[in-house]
Amino acid sequence: MTGYITRFAPSPTGNLHIGSARTALINFIFKSQHPDSKLFLRIEDTDKKRSTEEFKNNIISGLKWLGIKWDNDPQIQSLNINRHLSIANNLLNNNNAYKCICTEDELINRRKKINIGEVNSKKICNSCEKNKEIQSLESGFVIRIKIPTDGSEILEDVIQGKVEVKNNEIDDFVLVRKDNTPTYMLSVVVDDHDLGVNYIIRGDDHLNNYFRQKFIYKYMNWKVPQYAHIPLIHGEDGTKLSKRHGAVNLIDLRKKGYLADSIINNLILLGWSPKNQDDEIIQLQNIISKFEIHSLSKSASIFSYKKLDYFNNYYLRLESNLHLFKDYCLSNIVLSKFFKLDNQKLIRLFNSYKKEISTYSQIISIAEIYFTNNFSNTVDENFEDDFNKCFNDFLKLINNINNWEYDYINLEIKEFIKKNNIKFPVLGKPVRYLLTNSFNGPSITDIFMILGKDQSLERLKRYKN
Ligand code: GLU
């Protein structure tokens with residue numbers, strides 16, 4: 001058979017959300033698994049009030065950052081309005097749609113009746129269709145689709161399975177607004193048809209829309225695509241993932257210092273897992289060879305920031321990803337300053353702390369401690385006697401080290417501890433504190449190496465026991 005034609009069709013009414021990124025990712029994986037297949041990107045900007053160029057650019061750069069590639073230039077839906085309107089007229093002429101002039105009050109009234117079950121159909125207008133005068137108007141109407149009141153439609157969804165909805169549950173939705181602009185419901189079908197889309201992967205918040213959009217395909221005699229409605233992502237409290245749970249837009253996750261690989265790894269394991277559970281760390285190429293769309297769970301998945309942190313810690317520690325840290329530094333106001341001042345120092349610091357962090361942004365406050373010129377020169381702590389007794393000798397030792405190299409410093413410290421017959425923490429803890437204002441962190445040799453001899457001595461000397 002010829003390949004699949006899929007598409008990702010975001011509305012540019014917000015920055016790229018992690019849930020949309022997942023839809024795009026699954027489309028990309030699916031297309032990559034099937035030879036001769038294509039993935040198109042369509043910007044659905046027919047809602048002119050809420051769509052912006054900035055959101056469009058944000059979505060495109062977010063997809064590129066994740067490594068999602070599509071075929072051809074992105075399609076801009078609003079450029080195709082005339083084609084959408086011509087299809088609406090076609091539906092009108094063939095008696096599959098009608099003009100409606102109901103006022104907002106009339107519609108509200110009717111909706112009330114539908115909601116309390118007073119009428120046995122979701123049909124929102126029951127008068128305009130039969131009125132010849134209205135049907136011959138030239139302007140001032142909306143165009144509604146006609147939906148039969150009996151019968152039902154069945155969808156064999158790749159993920160959701162068989163779903164049946166009665167036609168009297170479907171409203172006679174608007175195809176063209178009063179201002180002669182097409183609605184999403186019309187444009188999406190026309191554009192998908194014209195692009196030859198034969199496999200639609202989208203969020204299951206659009207499942208109900210299938211039962212509406214199906215009628216346009218039917219009336220136009222167009223081939224209906226296959227559908228895979230993927231379940232939405234929830235936060236840990238079971239509600240739809242939103243800002244309340246944490247960063248939900250790709251741009252915010254990127255600013256925090258999450259890596260594309262971690263986001264992809266985390267997203268793909270929502271509702272799917274490779275057969276071998278040990279393959280939990282899985283990158284795009286490997287996902288493409290293992291993922292099976294029909295084994296995606298049909299229930300909502302929980303997005304765990306803890307898990308994302310775990311993956312990010314894994315990926316940021318990889319030596320081969322060091323260049324990503326450098327890129328991050330240059331994109332961050334604080335870190336770019338430090339990077340320009342002394343990039344070796346910043347990279348050494350990162351390498352010493354990377355085990356302990358889950359995002360690059362956590363390096364900012366750590367780096368501030370190492371790069372500040374205003375390190376407080378008083379220490380309120382009083383350390384143990386064992387430390388106080390040997391501190392001056394330790395200062396001398398450090399002062400006398402001219403070979404400022406990791407192994408050499410490490411050896412000198414070990415010998416010093418042995419000679420003074422103390423346990424390592426007796427020296428290590430206070431020294432770490434004096435150097436960084438924190439009792440926790442990497443080994444003191446690491447810290448000495450980051451700070452260099454002069455700055456280390458300067459910081460140690462603030463302790464006057
Ligand atoms: N533009 C729609 C959205 O952003 C997607 C429509 C679809 O995938 O059919 O939700």
# chains A, B, ... in the order shown; residues from 1 in each chain; ligands from 1

call {"tool": "residues_around", "arguments": {"residues": "Phe448 of chain A", "least_positions_apart": "3", "cutoff": "9 Å", "atoms": "only C-alpha atoms", "output": "ChimeraX atom specification"}}
result
/A:404,406,409,435,443-445,451-453,455-456

call {"tool": "residues_near_ligand", "arguments": {"ligand": "ligand 1", "cutoff": "9 Å", "atoms": "only C-alpha atoms and all ligand atoms", "output": "number ranges by chain"}}
result
A: 7-13, 20, 23, 42-45, 184-185, 188-189, 192, 200-203, 205-206, 209-210

call {"tool": "write_last_selection", "arguments": {"atoms": "N, CA, C and O atoms", "output": "mmCIF file, in the first residue's frame"}}
result
data_model
loop_
_atom_site.group_PDB
_atom_site.id
_atom_site.type_symbol
_atom_site.label_atom_id
_atom_site.label_comp_id
_atom_site.auth_asym_id
_atom_site.auth_seq_id
_atom_site.Cartn_x
_atom_site.Cartn_y
_atom_site.Cartn_z
ATOM 1 N N ARG A 7 -0.910 14.292 9.973
ATOM 2 C CA ARG A 7 -0.681 15.735 10.140
ATOM 3 C C ARG A 7 -0.758 16.084 11.619
ATOM 4 O O ARG A 7 -1.402 15.397 12.427
ATOM 5 N N PHE A 8 -0.070 17.168 11.966
ATOM 6 C CA PHE A 8 -0.215 17.746 13.301
ATOM 7 C C PHE A 8 -0.803 19.125 13.041
ATOM 8 O O PHE A 8 -0.297 19.870 12.206
ATOM 9 N N ALA A 9 -1.908 19.435 13.745
ATOM 10 C CA ALA A 9 -2.665 20.641 13.379
ATOM 11 C C ALA A 9 -2.926 21.548 14.592
ATOM 12 O O ALA A 9 -4.059 21.679 15.032
ATOM 13 N N PRO A 10 -1.881 22.159 15.136
ATOM 14 C CA PRO A 10 -2.090 22.985 16.333
ATOM 15 C C PRO A 10 -2.764 24.324 16.017
ATOM 16 O O PRO A 10 -2.597 24.867 14.925
ATOM 17 N N SER A 11 -3.520 24.825 16.983
ATOM 18 C CA SER A 11 -4.062 26.175 16.863
ATOM 19 C C SER A 11 -3.076 27.101 17.573
ATOM 20 O O SER A 11 -2.716 26.833 18.717
ATOM 21 N N PRO A 12 -2.653 28.180 16.923
ATOM 22 C CA PRO A 12 -1.644 29.043 17.556
ATOM 23 C C PRO A 12 -2.269 30.005 18.561
ATOM 24 O O PRO A 12 -2.150 31.222 18.451
ATOM 25 N N THR A 13 -2.969 29.436 19.540
ATOM 26 C CA THR A 13 -3.650 30.275 20.531
ATOM 27 C C THR A 13 -2.930 30.178 21.878
ATOM 28 O O THR A 13 -3.440 30.603 22.893
ATOM 29 N N SER A 20 0.256 18.749 23.529
ATOM 30 C CA SER A 20 0.296 18.862 22.068
ATOM 31 C C SER A 20 1.613 18.322 21.552
ATOM 32 O O SER A 20 1.659 17.689 20.486
ATOM 33 N N THR A 23 1.263 14.735 21.094
ATOM 34 C CA THR A 23 0.524 14.390 19.877
ATOM 35 C C THR A 23 1.440 14.501 18.657
ATOM 36 O O THR A 23 1.465 13.622 17.792
ATOM 37 N N ARG A 42 0.082 21.779 10.080
ATOM 38 C CA ARG A 42 -0.891 22.799 9.666
ATOM 39 C C ARG A 42 -1.205 23.700 10.855
ATOM 40 O O ARG A 42 -1.594 23.210 11.920
ATOM 41 N N ILE A 43 -1.020 24.980 10.646
ATOM 42 C CA ILE A 43 -1.315 25.943 11.708
ATOM 43 C C ILE A 43 -2.779 26.351 11.540
ATOM 44 O O ILE A 43 -3.147 26.989 10.561
ATOM 45 N N GLU A 44 -3.603 25.963 12.522
ATOM 46 C CA GLU A 44 -5.049 26.205 12.385
ATOM 47 C C GLU A 44 -5.414 27.535 13.042
ATOM 48 O O GLU A 44 -5.798 27.610 14.212
ATOM 49 N N ASP A 45 -5.290 28.574 12.232
ATOM 50 C CA ASP A 45 -5.406 29.940 12.758
ATOM 51 C C ASP A 45 -6.696 30.620 12.338
ATOM 52 O O ASP A 45 -6.721 31.830 12.138
ATOM 53 N N TYR A 184 -13.591 25.958 12.609
ATOM 54 C CA TYR A 184 -12.596 24.881 12.680
ATOM 55 C C TYR A 184 -13.179 23.579 12.135
ATOM 56 O O TYR A 184 -12.534 22.844 11.371
ATOM 57 N N MET A 185 -14.416 23.293 12.536
ATOM 58 C CA MET A 185 -15.054 22.014 12.218
ATOM 59 C C MET A 185 -15.090 21.765 10.702
ATOM 60 O O MET A 185 -14.934 20.640 10.255
ATOM 61 N N VAL A 188 -10.985 22.011 9.117
ATOM 62 C CA VAL A 188 -10.116 20.875 9.416
ATOM 63 C C VAL A 188 -10.384 19.724 8.441
ATOM 64 O O VAL A 188 -9.460 19.086 7.933
ATOM 65 N N VAL A 189 -11.656 19.498 8.132
ATOM 66 C CA VAL A 189 -11.994 18.377 7.247
ATOM 67 C C VAL A 189 -11.551 18.675 5.811
ATOM 68 O O VAL A 189 -10.945 17.837 5.143
ATOM 69 N N ASP A 192 -7.740 18.509 5.593
ATOM 70 C CA ASP A 192 -7.256 17.123 5.688
ATOM 71 C C ASP A 192 -7.528 16.377 4.379
ATOM 72 O O ASP A 192 -6.677 15.667 3.866
ATOM 73 N N ILE A 200 -5.365 10.055 11.130
ATOM 74 C CA ILE A 200 -5.369 11.220 12.021
ATOM 75 C C ILE A 200 -5.071 10.783 13.452
ATOM 76 O O ILE A 200 -5.811 9.979 14.035
ATOM 77 N N ILE A 201 -3.979 11.306 13.982
ATOM 78 C CA ILE A 201 -3.629 11.037 15.386
ATOM 79 C C ILE A 201 -3.816 12.363 16.120
ATOM 80 O O ILE A 201 -3.175 13.367 15.778
ATOM 81 N N ARG A 202 -4.719 12.395 17.083
ATOM 82 C CA ARG A 202 -4.959 13.644 17.809
ATOM 83 C C ARG A 202 -5.479 13.328 19.199
ATOM 84 O O ARG A 202 -5.760 12.161 19.523
ATOM 85 N N GLY A 203 -5.623 14.350 20.028
ATOM 86 C CA GLY A 203 -6.057 14.160 21.404
ATOM 87 C C GLY A 203 -7.496 13.658 21.477
ATOM 88 O O GLY A 203 -8.320 13.963 20.592
ATOM 89 N N ASP A 205 -9.764 14.638 23.231
ATOM 90 C CA ASP A 205 -10.741 15.724 23.421
ATOM 91 C C ASP A 205 -11.441 16.017 22.087
ATOM 92 O O ASP A 205 -12.441 16.730 22.055
ATOM 93 N N HIS A 206 -10.912 15.453 21.004
ATOM 94 C CA HIS A 206 -11.561 15.635 19.693
ATOM 95 C C HIS A 206 -12.391 14.425 19.275
ATOM 96 O O HIS A 206 -12.908 14.403 18.159
ATOM 97 N N ASN A 209 -15.710 15.236 18.140
ATOM 98 C CA ASN A 209 -15.708 15.956 16.861
ATOM 99 C C ASN A 209 -15.710 14.998 15.675
ATOM 100 O O ASN A 209 -16.172 15.354 14.599
ATOM 101 N N TYR A 210 -15.186 13.805 15.874
ATOM 102 C CA TYR A 210 -15.225 12.834 14.778
ATOM 103 C C TYR A 210 -16.669 12.642 14.315
ATOM 104 O O TYR A 210 -16.967 12.618 13.116
#

call {"tool": "residues_around", "arguments": {"residues": "Phe371 of chain A", "least_positions_apart": "6", "cutoff": "10 Å", "atoms": "only C-alpha atoms", "output": "list in words"}}
result
Lys337, Phe338, Leu341, Asp342, Lys345, Leu346, Ile450, Leu451 and Gln455 of chain A

call {"tool": "write_last_selection", "arguments": {"atoms": "N, CA, C and O atoms", "output": "compact mmCIF listing (two decimals), in the first residue's frame"}}
result
# COMPACT_ATOMS: atom_id res chain seq x y z
N LYS A 337 26.94 35.29 31.60
CA LYS A 337 27.94 36.22 32.18
C LYS A 337 29.12 35.41 32.73
O LYS A 337 30.28 35.68 32.45
N PHE A 338 28.79 34.39 33.52
CA PHE A 338 29.84 33.56 34.12
C PHE A 338 30.63 32.81 33.05
O PHE A 338 31.84 32.64 33.15
N LEU A 341 33.09 34.97 31.52
CA LEU A 341 34.15 35.29 32.49
C LEU A 341 35.16 34.15 32.59
O LEU A 341 36.37 34.37 32.56
N ASP A 342 34.67 32.92 32.71
CA ASP A 342 35.57 31.77 32.89
C ASP A 342 34.80 30.48 32.57
O ASP A 342 34.25 29.84 33.46
N LYS A 345 35.87 27.20 34.38
CA LYS A 345 35.43 27.11 35.77
C LYS A 345 33.97 26.66 35.83
O LYS A 345 33.60 25.79 36.62
N LEU A 346 33.16 27.25 34.95
CA LEU A 346 31.73 26.91 34.96
C LEU A 346 31.53 25.44 34.56
O LEU A 346 30.69 24.74 35.14
N ILE A 450 37.58 23.88 41.49
CA ILE A 450 36.71 24.87 40.83
C ILE A 450 37.17 26.29 41.20
O ILE A 450 37.30 27.16 40.35
N LEU A 451 37.46 26.47 42.49
CA LEU A 451 37.77 27.82 42.94
C LEU A 451 39.18 28.28 42.56
O LEU A 451 39.43 29.47 42.37
N GLN A 455 41.46 31.90 45.35
CA GLN A 455 40.11 32.08 45.90
C GLN A 455 39.85 31.11 47.05
O GLN A 455 39.20 31.47 48.03

call {"tool": "atom_distance", "arguments": {"atom1": "atom CA of Ser32 of chain A", "atom2": "atom CA of Gln283 of chain A"}}
result
14.0 Å

call {"tool": "select_by_dssp", "arguments": {"residues": "segment 199-446 of chain A", "states": "helix (DSSP H, G or I)", "output": "JSON, numbers by chain"}}
result
{"A": [204, 205, 206, 207, 208, 209, 210, 211, 212, 213, 214, 215, 216, 217, 218, 219, 220, 243, 244, 245, 250, 251, 252, 253, 254, 255, 256, 260, 261, 262, 263, 264, 265, 266, 267, 268, 277, 278, 279, 280, 284, 285, 286, 287, 288, 289, 290, 293, 294, 295, 305, 306, 307, 308, 309, 310, 311, 312, 313, 314, 315, 316, 317, 319, 320, 321, 322, 323, 324, 325, 326, 327, 328, 329, 330, 331, 333, 334, 335, 336, 337, 338, 339, 340, 341, 343, 344, 345, 346, 347, 348, 349, 350, 351, 352, 353, 354, 355, 356, 362, 363, 364, 365, 366, 367, 368, 369, 370, 371, 385, 386, 387, 388, 389, 390, 391, 392, 393, 394, 395, 396, 397, 398, 399, 400, 406, 407, 408, 409, 410, 411, 412, 413, 414, 415, 416, 417, 418, 419, 420, 424, 425, 426, 427, 428, 429, 430, 431, 432, 433, 434, 435, 436, 444, 445, 446]}

call {"tool": "residues_around", "arguments": {"residues": "segment 80-91 of chain A", "least_positions_apart": "2", "cutoff": "12 Å", "atoms": "only C-alpha atoms", "output": "ChimeraX atom specification"}}
result
/A:42-47,75-78,93-99,138,142-146,174-177,179-195,215-222

call {"tool": "select_by_dssp", "arguments": {"residues": "segment 186-270 of chain A", "states": "strand (DSSP E or B)", "output": "ChimeraX atom specification"}}
result
/A:199-203,226-230,233-234,240,249

call {"tool": "write_last_selection", "arguments": {"atoms": "all heavy atoms", "output": "short mmCIF file (atom, residue, chain, number, x, y, z; two decimals), in the first residue's frame"}}
result
data_model
loop_
_atom_site.label_atom_id
_atom_site.label_comp_id
_atom_site.auth_asym_id
_atom_site.auth_seq_id
_atom_site.Cartn_x
_atom_site.Cartn_y
_atom_site.Cartn_z
N TYR A 199 -4.70 9.27 7.96
CA TYR A 199 -4.50 8.71 9.31
C TYR A 199 -4.37 9.89 10.27
O TYR A 199 -3.40 10.64 10.20
CB TYR A 199 -3.22 7.87 9.32
CG TYR A 199 -3.17 6.84 10.43
CD1 TYR A 199 -3.40 5.49 10.16
CD2 TYR A 199 -2.90 7.22 11.75
CE1 TYR A 199 -3.35 4.53 11.17
CE2 TYR A 199 -2.86 6.27 12.76
CZ TYR A 199 -3.07 4.94 12.46
OH TYR A 199 -3.02 3.99 13.46
N ILE A 200 -5.37 10.06 11.13
CA ILE A 200 -5.37 11.22 12.02
C ILE A 200 -5.07 10.78 13.45
O ILE A 200 -5.81 9.98 14.04
CB ILE A 200 -6.72 11.96 11.94
CG1 ILE A 200 -6.87 12.58 10.54
CG2 ILE A 200 -6.84 13.02 13.04
CD1 ILE A 200 -8.12 13.40 10.33
N ILE A 201 -3.98 11.31 13.98
CA ILE A 201 -3.63 11.04 15.39
C ILE A 201 -3.82 12.36 16.12
O ILE A 201 -3.18 13.37 15.78
CB ILE A 201 -2.15 10.59 15.51
CG1 ILE A 201 -1.90 9.34 14.66
CG2 ILE A 201 -1.78 10.36 16.97
CD1 ILE A 201 -0.41 8.99 14.48
N ARG A 202 -4.72 12.40 17.08
CA ARG A 202 -4.96 13.64 17.81
C ARG A 202 -5.48 13.33 19.20
O ARG A 202 -5.76 12.16 19.52
CB ARG A 202 -5.94 14.53 17.04
CG ARG A 202 -7.30 13.89 16.84
CD ARG A 202 -8.22 14.78 16.02
NE ARG A 202 -9.55 14.20 15.86
CZ ARG A 202 -10.51 14.73 15.12
NH1 ARG A 202 -10.30 15.85 14.46
NH2 ARG A 202 -11.69 14.15 15.05
N GLY A 203 -5.62 14.35 20.03
CA GLY A 203 -6.06 14.16 21.40
C GLY A 203 -7.50 13.66 21.48
O GLY A 203 -8.32 13.96 20.59
N GLN A 226 -8.42 7.02 8.85
CA GLN A 226 -8.40 6.22 10.08
C GLN A 226 -8.11 7.18 11.22
O GLN A 226 -7.42 8.19 11.01
CB GLN A 226 -7.24 5.23 9.99
CG GLN A 226 -7.68 3.80 9.82
CD GLN A 226 -6.46 2.90 9.76
OE1 GLN A 226 -5.69 2.99 8.83
NE2 GLN A 226 -6.32 2.04 10.75
N TYR A 227 -8.60 6.85 12.40
CA TYR A 227 -8.37 7.75 13.54
C TYR A 227 -7.70 7.03 14.70
O TYR A 227 -8.00 5.85 14.96
CB TYR A 227 -9.70 8.32 14.05
CG TYR A 227 -10.27 9.40 13.16
CD1 TYR A 227 -11.02 9.07 12.03
CD2 TYR A 227 -10.04 10.73 13.42
CE1 TYR A 227 -11.53 10.05 11.20
CE2 TYR A 227 -10.55 11.73 12.60
CZ TYR A 227 -11.29 11.38 11.49
OH TYR A 227 -11.78 12.36 10.67
N ALA A 228 -6.81 7.76 15.37
CA ALA A 228 -6.22 7.27 16.62
C ALA A 228 -6.32 8.43 17.61
O ALA A 228 -5.59 9.42 17.49
CB ALA A 228 -4.77 6.87 16.40
N HIS A 229 -7.29 8.35 18.51
CA HIS A 229 -7.47 9.43 19.49
C HIS A 229 -6.68 9.09 20.75
O HIS A 229 -7.02 8.14 21.45
CB HIS A 229 -8.96 9.62 19.80
CG HIS A 229 -9.70 10.33 18.70
ND1 HIS A 229 -10.41 9.67 17.72
CD2 HIS A 229 -9.81 11.67 18.42
CE1 HIS A 229 -10.95 10.57 16.89
NE2 HIS A 229 -10.60 11.78 17.30
N ILE A 230 -5.65 9.88 21.00
CA ILE A 230 -4.79 9.55 22.15
C ILE A 230 -5.30 10.22 23.42
O ILE A 230 -5.74 11.36 23.39
CB ILE A 230 -3.31 9.88 21.88
CG1 ILE A 230 -3.09 11.35 21.54
CG2 ILE A 230 -2.76 9.04 20.75
CD1 ILE A 230 -1.65 11.70 21.30
N ILE A 233 -3.20 13.93 28.96
CA ILE A 233 -2.26 13.76 30.07
C ILE A 233 -2.85 14.46 31.30
O ILE A 233 -3.35 15.59 31.20
CB ILE A 233 -0.91 14.42 29.76
CG1 ILE A 233 -0.36 13.94 28.42
CG2 ILE A 233 0.09 14.13 30.86
CD1 ILE A 233 0.95 14.61 28.04
N HIS A 234 -2.80 13.79 32.42
CA HIS A 234 -3.27 14.38 33.67
C HIS A 234 -2.10 14.65 34.61
O HIS A 234 -1.05 14.03 34.51
CB HIS A 234 -4.26 13.44 34.35
CG HIS A 234 -5.60 13.44 33.68
ND1 HIS A 234 -6.64 12.64 34.07
CD2 HIS A 234 -6.07 14.17 32.63
CE1 HIS A 234 -7.69 12.87 33.30
NE2 HIS A 234 -7.36 13.78 32.42
N LYS A 240 -6.74 17.44 34.47
CA LYS A 240 -6.03 17.74 33.22
C LYS A 240 -4.74 18.54 33.52
O LYS A 240 -4.78 19.49 34.32
CB LYS A 240 -6.97 18.55 32.32
CG LYS A 240 -6.64 18.42 30.87
CD LYS A 240 -7.69 19.14 30.04
CE LYS A 240 -7.00 19.76 28.85
NZ LYS A 240 -7.79 20.69 28.11
N ASN A 249 4.41 24.24 29.36
CA ASN A 249 4.75 24.63 28.00
C ASN A 249 6.20 24.29 27.73
O ASN A 249 7.05 24.44 28.61
CB ASN A 249 4.51 26.12 27.79
CG ASN A 249 3.04 26.44 27.81
OD1 ASN A 249 2.21 25.61 27.41
ND2 ASN A 249 2.68 27.61 28.31
#

call {"tool": "residues_around", "arguments": {"residues": "Pro231 of chain A", "least_positions_apart": "5", "cutoff": "8 Å", "atoms": "only C-alpha atoms", "output": "PyMOL selection string"}}
result
chain A and resi 203-205+297-301

call {"tool": "write_last_selection", "arguments": {"atoms": "C-alpha atoms", "output": "PDB file, in the first residue's frame"}}
result
ATOM      1  CA  GLY A 203      -6.057  14.160  21.404  1.00  0.00           C
ATOM      2  CA  ASP A 204      -9.188  12.357  22.583  1.00  0.00           C
ATOM      3  CA  ASP A 205     -10.741  15.724  23.421  1.00  0.00           C
ATOM      4  CA  SER A 297      -3.399   2.794  26.676  1.00  0.00           C
ATOM      5  CA  LYS A 298      -6.808   4.373  26.206  1.00  0.00           C
ATOM      6  CA  SER A 299      -6.966   5.794  29.704  1.00  0.00           C
ATOM      7  CA  ALA A 300      -5.454   9.119  30.694  1.00  0.00           C
ATOM      8  CA  SER A 301      -1.834   8.993  31.811  1.00  0.00           C
TER       9      SER A 301
END

call {"tool": "residues_around", "arguments": {"residues": "Leu322 of chain A", "least_positions_apart": "2", "cutoff": "12 Å", "atoms": "only C-alpha atoms", "output": "VMD selection string"}}
result
chain A and resid 259 315 to 320 324 to 329 346 to 348 350 to 351 354 360

call {"tool": "write_last_selection", "arguments": {"atoms": "N, CA, C and O atoms", "output": "PDB file, in the first residue's frame"}}
result
ATOM      1  N   LEU A 259      16.046  18.754  28.954  1.00  0.00           N
ATOM      2  CA  LEU A 259      16.569  18.400  27.633  1.00  0.00           C
ATOM      3  C   LEU A 259      15.463  17.769  26.789  1.00  0.00           C
ATOM      4  O   LEU A 259      14.572  17.109  27.334  1.00  0.00           O
ATOM      5  N   TYR A 315      20.111  12.294  31.397  1.00  0.00           N
ATOM      6  CA  TYR A 315      20.610  12.816  30.121  1.00  0.00           C
ATOM      7  C   TYR A 315      21.605  13.958  30.301  1.00  0.00           C
ATOM      8  O   TYR A 315      22.536  14.095  29.527  1.00  0.00           O
ATOM      9  N   LEU A 316      21.407  14.786  31.336  1.00  0.00           N
ATOM     10  CA  LEU A 316      22.349  15.906  31.462  1.00  0.00           C
ATOM     11  C   LEU A 316      23.722  15.452  31.929  1.00  0.00           C
ATOM     12  O   LEU A 316      24.713  16.146  31.752  1.00  0.00           O
ATOM     13  N   ARG A 317      23.782  14.248  32.538  1.00  0.00           N
ATOM     14  CA  ARG A 317      25.083  13.738  32.998  1.00  0.00           C
ATOM     15  C   ARG A 317      25.916  13.153  31.857  1.00  0.00           C
ATOM     16  O   ARG A 317      27.122  12.984  32.008  1.00  0.00           O
ATOM     17  N   LEU A 318      25.285  12.831  30.748  1.00  0.00           N
ATOM     18  CA  LEU A 318      26.037  12.211  29.653  1.00  0.00           C
ATOM     19  C   LEU A 318      27.087  13.174  29.098  1.00  0.00           C
ATOM     20  O   LEU A 318      26.772  14.318  28.772  1.00  0.00           O
ATOM     21  N   GLU A 319      28.314  12.687  29.017  1.00  0.00           N
ATOM     22  CA  GLU A 319      29.421  13.494  28.493  1.00  0.00           C
ATOM     23  C   GLU A 319      29.065  14.044  27.096  1.00  0.00           C
ATOM     24  O   GLU A 319      29.367  15.192  26.781  1.00  0.00           O
ATOM     25  N   SER A 320      28.380  13.195  26.323  1.00  0.00           N
ATOM     26  CA  SER A 320      28.059  13.603  24.955  1.00  0.00           C
ATOM     27  C   SER A 320      27.039  14.746  24.908  1.00  0.00           C
ATOM     28  O   SER A 320      26.780  15.308  23.851  1.00  0.00           O
ATOM     29  N   LEU A 324      25.143  20.717  25.197  1.00  0.00           N
ATOM     30  CA  LEU A 324      23.816  21.270  25.487  1.00  0.00           C
ATOM     31  C   LEU A 324      23.878  22.186  26.709  1.00  0.00           C
ATOM     32  O   LEU A 324      23.159  23.174  26.796  1.00  0.00           O
ATOM     33  N   PHE A 325      24.759  21.822  27.650  1.00  0.00           N
ATOM     34  CA  PHE A 325      24.933  22.699  28.814  1.00  0.00           C
ATOM     35  C   PHE A 325      25.514  24.041  28.362  1.00  0.00           C
ATOM     36  O   PHE A 325      25.065  25.100  28.784  1.00  0.00           O
ATOM     37  N   LYS A 326      26.485  23.970  27.468  1.00  0.00           N
ATOM     38  CA  LYS A 326      27.093  25.221  26.974  1.00  0.00           C
ATOM     39  C   LYS A 326      26.031  26.076  26.270  1.00  0.00           C
ATOM     40  O   LYS A 326      25.951  27.279  26.493  1.00  0.00           O
ATOM     41  N   ASP A 327      25.204  25.428  25.452  1.00  0.00           N
ATOM     42  CA  ASP A 327      24.133  26.180  24.763  1.00  0.00           C
ATOM     43  C   ASP A 327      23.199  26.825  25.788  1.00  0.00           C
ATOM     44  O   ASP A 327      22.774  27.960  25.639  1.00  0.00           O
ATOM     45  N   TYR A 328      22.884  26.049  26.838  1.00  0.00           N
ATOM     46  CA  TYR A 328      21.975  26.574  27.857  1.00  0.00           C
ATOM     47  C   TYR A 328      22.601  27.803  28.517  1.00  0.00           C
ATOM     48  O   TYR A 328      21.932  28.817  28.722  1.00  0.00           O
ATOM     49  N   CYS A 329      23.897  27.694  28.851  1.00  0.00           N
ATOM     50  CA  CYS A 329      24.576  28.819  29.515  1.00  0.00           C
ATOM     51  C   CYS A 329      24.440  30.078  28.662  1.00  0.00           C
ATOM     52  O   CYS A 329      24.140  31.156  29.171  1.00  0.00           O
ATOM     53  N   LEU A 346      33.159  27.245  34.950  1.00  0.00           N
ATOM     54  CA  LEU A 346      31.734  26.913  34.960  1.00  0.00           C
ATOM     55  C   LEU A 346      31.529  25.445  34.562  1.00  0.00           C
ATOM     56  O   LEU A 346      30.691  24.737  35.143  1.00  0.00           O
ATOM     57  N   ILE A 347      32.290  24.981  33.621  1.00  0.00           N
ATOM     58  CA  ILE A 347      32.133  23.590  33.170  1.00  0.00           C
ATOM     59  C   ILE A 347      32.643  22.620  34.233  1.00  0.00           C
ATOM     60  O   ILE A 347      32.027  21.587  34.503  1.00  0.00           O
ATOM     61  N   ARG A 348      33.715  22.993  34.885  1.00  0.00           N
ATOM     62  CA  ARG A 348      34.231  22.141  35.969  1.00  0.00           C
ATOM     63  C   ARG A 348      33.183  22.047  37.098  1.00  0.00           C
ATOM     64  O   ARG A 348      32.921  20.990  37.649  1.00  0.00           O
ATOM     65  N   PHE A 350      29.956  22.488  36.775  1.00  0.00           N
ATOM     66  CA  PHE A 350      28.837  21.663  36.298  1.00  0.00           C
ATOM     67  C   PHE A 350      29.171  20.178  36.431  1.00  0.00           C
ATOM     68  O   PHE A 350      28.371  19.383  36.932  1.00  0.00           O
ATOM     69  N   ASN A 351      30.353  19.813  36.019  1.00  0.00           N
ATOM     70  CA  ASN A 351      30.734  18.394  36.088  1.00  0.00           C
ATOM     71  C   ASN A 351      30.790  17.888  37.525  1.00  0.00           C
ATOM     72  O   ASN A 351      30.514  16.724  37.784  1.00  0.00           O
ATOM     73  N   LYS A 354      26.765  17.827  38.636  1.00  0.00           N
ATOM     74  CA  LYS A 354      25.688  17.311  37.773  1.00  0.00           C
ATOM     75  C   LYS A 354      24.965  16.089  38.338  1.00  0.00           C
ATOM     76  O   LYS A 354      23.802  15.865  38.034  1.00  0.00           O
ATOM     77  N   TYR A 360      19.258  22.163  34.397  1.00  0.00           N
ATOM     78  CA  TYR A 360      20.391  23.084  34.274  1.00  0.00           C
ATOM     79  C   TYR A 360      20.192  24.338  35.124  1.00  0.00           C
ATOM     80  O   TYR A 360      21.156  24.924  35.601  1.00  0.00           O
TER      81      TYR A 360
END

call {"tool": "atom_distance", "arguments": {"atom1": "atom CA of Gly117 of chain A", "atom2": "atom CA of Lys178 of chain A"}}
result
28.3 Å

call {"tool": "atom_distance", "arguments": {"atom1": "atom CA of Asn403 of chain A", "atom2": "atom CA of Phe416 of chain A"}}
result
16.3 Å

call {"tool": "residues_around", "arguments": {"residues": "Tyr353 of chain A", "least_positions_apart": "2", "cutoff": "8 Å", "atoms": "only C-alpha atoms", "output": "PyMOL selection string"}}
result
chain A and resi 349-351+355-357+363+441-442
